[in-house]
Every structure is written in C-alpha cells, then in structure tokens.
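*Asks:* Sending over a structure as structure tokens; questions will come in a sec.
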Amino acid sequence: MNGGRGASVRIAVLALLWGSGFLWIKLALTGLSPVHLTLVRCALGALTLLAMAFAARQRLPRDGRTWARLIVAAFFCNALPFALFGIGERTVDSGVAGVMNATTPLWSLLIGVALGTERRLNPARLLGLGLGFAGIVVIFAPWHQSGLLSTGALALLGAGLSYAIAFAYMARKLPPDGAPLALSAAQLMTATALTALALPVSSAAPHLTLTAVVAVTILGVFGTGITFYLNYRLIADEGPTAAATVGYLLPVVSVALGALFLGEPLTPRVVGGMAVVLVAVGLTRWQPQVPANCPASSAGGLATPK
C-alpha cells in the first residue's frame, strides 16, 4: 500500500514539475527571447545534472564518438524543441503547448511507418494516428479567421516532431550505459553550446524582469534538471509503465495552470480537440495482450517507451 502511494506521489510531483514547464516558459518570455530562454534553460539544467552526476560518481563521456552523437541528440532533443516552444508560446496559450508536447508519440509512430521500422501496427494504433492529427486540426481550426493556426502553432508541432526524431536517434545511438545522469548532463552542455551559436541571429535583446528570472531559473533547475532525475528514479523503481503515465498528465497540468494563473480561455472546441489528442495518444501506445503461454511473450520483453 505504501509503495503504491509513494509511486503515486512521485508521478504527481513529476507531472506537476514537467507540466508546469509551459507556464514557466510563458512567464520567462516576458523578459527573454526564445533563444536566450533556451540558452539559460539548458545551462541551468546542465549544471543541475552535473552536480547530481558528481554526487553519484558518474563521469562525463570521454570518447569523441559519443560527443559527436551528443551533438545530434542535443540539437533535436533540447536546443531545437526548447527554442520552438519559446517561439510557439509567444502567440499560443501554454495549455495548448502542453497538448502539442503530447503529440510526440504520434510523430514517432508516423516516422516508424514512413521508414518501415514500425512492426507493431494494428487497427487501434492506426486509428490513434488519424485521430491525433484530427484533434490537432480541431484545436487550431484553420477554417476560422480566429483559429490558432499560425507560425507559433507550427513551431509547437515542430517541437513535438523534433522530440520524436531525437528519441528514435537516442534509442539507437546513445544508450545510457549505467551513467544516465552524466550522459544527460553532457547532452545539455552540448545543447548550451549549440544555442550559444544562435545568439548572433537573435534580434531581441533580453529585458530582464524579476518574473522572467524566477521563471527561467525554476524551468532550468526543476523543469529540466530535477525532472530528469525523478523520471530516471521512477523508471528504475516502478518501471516504464508508471513513467509513461506522466505523459498523459502533462497536458492536464499545463491546461489547468494556464487557466488558473494566466487566465487562458478554454473554448469547447479547444477542450474537445485536446481530449481527442489524448485518446489518440493512448491508442497509439495500445498493444494487444499476449497470452502467457504464447512463445512470443517470453521473447519480446517490455515495449520500449516512446
């Protein structure tokens, strides 16, 4: 009983920290450009993870091949999507941004289908893929003059796609090898360097306010650094199924916080579209149960989380 309660508390805390990230992005944008926001977020996350790696006696990678692969991973998993979320939330509500983050499994499935690497297709997953993008269309309503389809909306969708590309690449090229904290710290260090290269093209100079400084600090330390550690511990202690549950709670948290603290309106159309997207994501992750006496049940192991 206590173990189940402890897992529930961890899931709730992790969902709150991750889901609130979209609120902190919105607040940080009051004084920072998307590029500056990304730079500070990556740097603070890297410092947090470096401290954790040092405490866990994990060493940074030493071979050139790993660092070369980290460049690709850091670009698609950190530098690019962090910047795209910043660009998107300039014009799109933080709650909607949280829902767009949940489209990553849809993009992952679509990439797998396009490349021919997805071998677990079934009618439910295909239905989920179609429903997911239908839900996105409902949310952004391009047929309405007041619809949300814009550069910001496309940036949010691009962030979800970037995550899907990153996860596919990292699963093959960057196994943690027993030092996930150090590897993630190295990845965020690389993302910090990549983002610094983009500073000359950032037209907006930072206009620091107390709100922006507090928001980006919380986002970097807790929403980027601490959440990785909590997620790692949750997977290690409770398994990937419990960790995957967090992904379904993020949009709920982001929508609730956006409505409560930012006064973001929620129309029936947007709420309906959000519900369709979440149902679709659930369908894309659904796999038929394999009987215990089936030979395949002992060979497949746990499905790799998206």
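Following the order of the structure tokens, first chain is A, next is B, and so on, with residues numbered from 1 inside each chain and ligands from 1 in the order they appear.
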Do a neighbour search on range 248-252 of chain A at 6 Å with only C-alpha atoms, toss out local chain neighbours closer than 3 positions, and write the hits as a list of chain:residue names.
*Replies:*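 Contacts, in chain order: A:Ala15, A:Gly19, A:Gly98, A:Val99, A:Thr245, A:Val255.
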*Asks:* Save out the residues we just selected, N, CA, C and O atoms, as a compact mmCIF listing (two decimals), in the first residue's frame.
*Replies:*
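As written to disk, part-v5.txt reads:
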# COMPACT_ATOMS: atom_id res chain seq x y z
N ALA A 15 4.71 15.02 -12.76
CA ALA A 15 3.75 15.63 -13.69
C ALA A 15 3.61 17.12 -13.43
O ALA A 15 3.51 17.93 -14.37
N GLY A 19 4.71 19.44 -16.24
CA GLY A 19 3.56 20.13 -16.81
C GLY A 19 3.58 21.62 -16.58
O GLY A 19 3.07 22.40 -17.40
N GLY A 98 1.19 22.49 -24.02
CA GLY A 98 1.33 21.22 -23.32
C GLY A 98 0.71 20.07 -24.07
O GLY A 98 1.24 18.96 -24.10
N VAL A 99 -0.43 20.32 -24.72
CA VAL A 99 -1.07 19.28 -25.52
C VAL A 99 -0.22 18.95 -26.74
O VAL A 99 -0.08 17.79 -27.13
N THR A 245 2.81 7.03 -17.63
CA THR A 245 1.60 7.66 -17.13
C THR A 245 1.76 9.16 -17.01
O THR A 245 0.81 9.93 -17.20
N VAL A 255 -2.81 22.73 -18.96
CA VAL A 255 -4.09 23.41 -19.21
C VAL A 255 -4.63 24.02 -17.92
O VAL A 255 -5.09 25.17 -17.90
*Asks:* What lies within 12 Å of Val13 in chain A using only C-alpha atoms, ignoring chain neighbours under 4 positions off, as a PyMOL selection string?
*Replies:* chain A and resi 6-9+17-20+222-223+226-227+230-231+234+243+246+249-250+253
*Asks:* List the spatial neighbours of range 41-48 of chain A as a ChimeraX atom specification - criterion: any atom at most 10 Å away, only C-alpha atoms, same-chain residues fewer than 2 positions off excluded.
*Replies:* /A:25,35-39,50-53,74,78-79,82,181-182,184-193,195,215-229
*Asks:* I'd like the neighbourhood of Ser33 in chain A as a PyMOL selection string, where a residue qualifies if any of its atoms comes within 12 Å (using only C-alpha atoms), though same-chain residues fewer than 2 positions away should be ignored.
*Replies:* chain A and resi 25-31+35-41+82-90+198-199+201-208+212+216
*Asks:* Compare A:Glu264, A:Gly132, A:Phe140, A:Asp237 by their minimum atom-to-atom distance to Leu278 in chain A, counting only C-alpha atoms, and give me the closest one.
*Replies:*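 Distance minimum relative to Leu278 in chain A lands on A:Gly132.
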*Asks:* Between CA of Leu174 in chain A and CA of Arg62 in chain A, what is the distance, to one decimal in Å?
*Replies:*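 Result for CA of Leu174 in chain A versus CA of Arg62 in chain A: 13.7 Å, one decimal.
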*Asks:* CA of Thr284 in chain A to CA of Gly116 in chain A: how many Å, to one decimal?
*Replies:*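 Pair CA of Thr284 in chain A / CA of Gly116 in chain A returns 16.2 Å.
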*Asks:* Name the closest residue to Leu262 in chain A among the candidates A:Leu16, A:Leu156, A:Gln58, A:Asp93; distances are taken between atoms, counting only C-alpha atoms.
*Replies:*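 Counting only C-alpha atoms, the residue closest to Leu262 in chain A is A:Asp93.
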*Asks:* Nearest residue to Leu115 in chain A out of A:Thr66, A:Pro268, A:Ala134, A:Ala168, using only C-alpha atoms?
*Replies:*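 Using only C-alpha atoms, Leu115 in chain A sits closest to A:Ala168.
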*Asks:* So how far away is CA of Met170 in chain A from CA of Ser94 in chain A, in Å?
*Replies:*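 About the pair CA of Ser94 in chain A and CA of Met170 in chain A: they are 27.2 Å apart.
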*Asks:* If you run DSSP on the backbone, which residues of range 25-251 of chain A are helix (DSSP H, G or I), as a PyMOL selection string?
*Replies:* chain A and resi 25-28+34-55+64-88+94-101+104-115+123-140+151-173+180-197+199-201+210-238+240-251
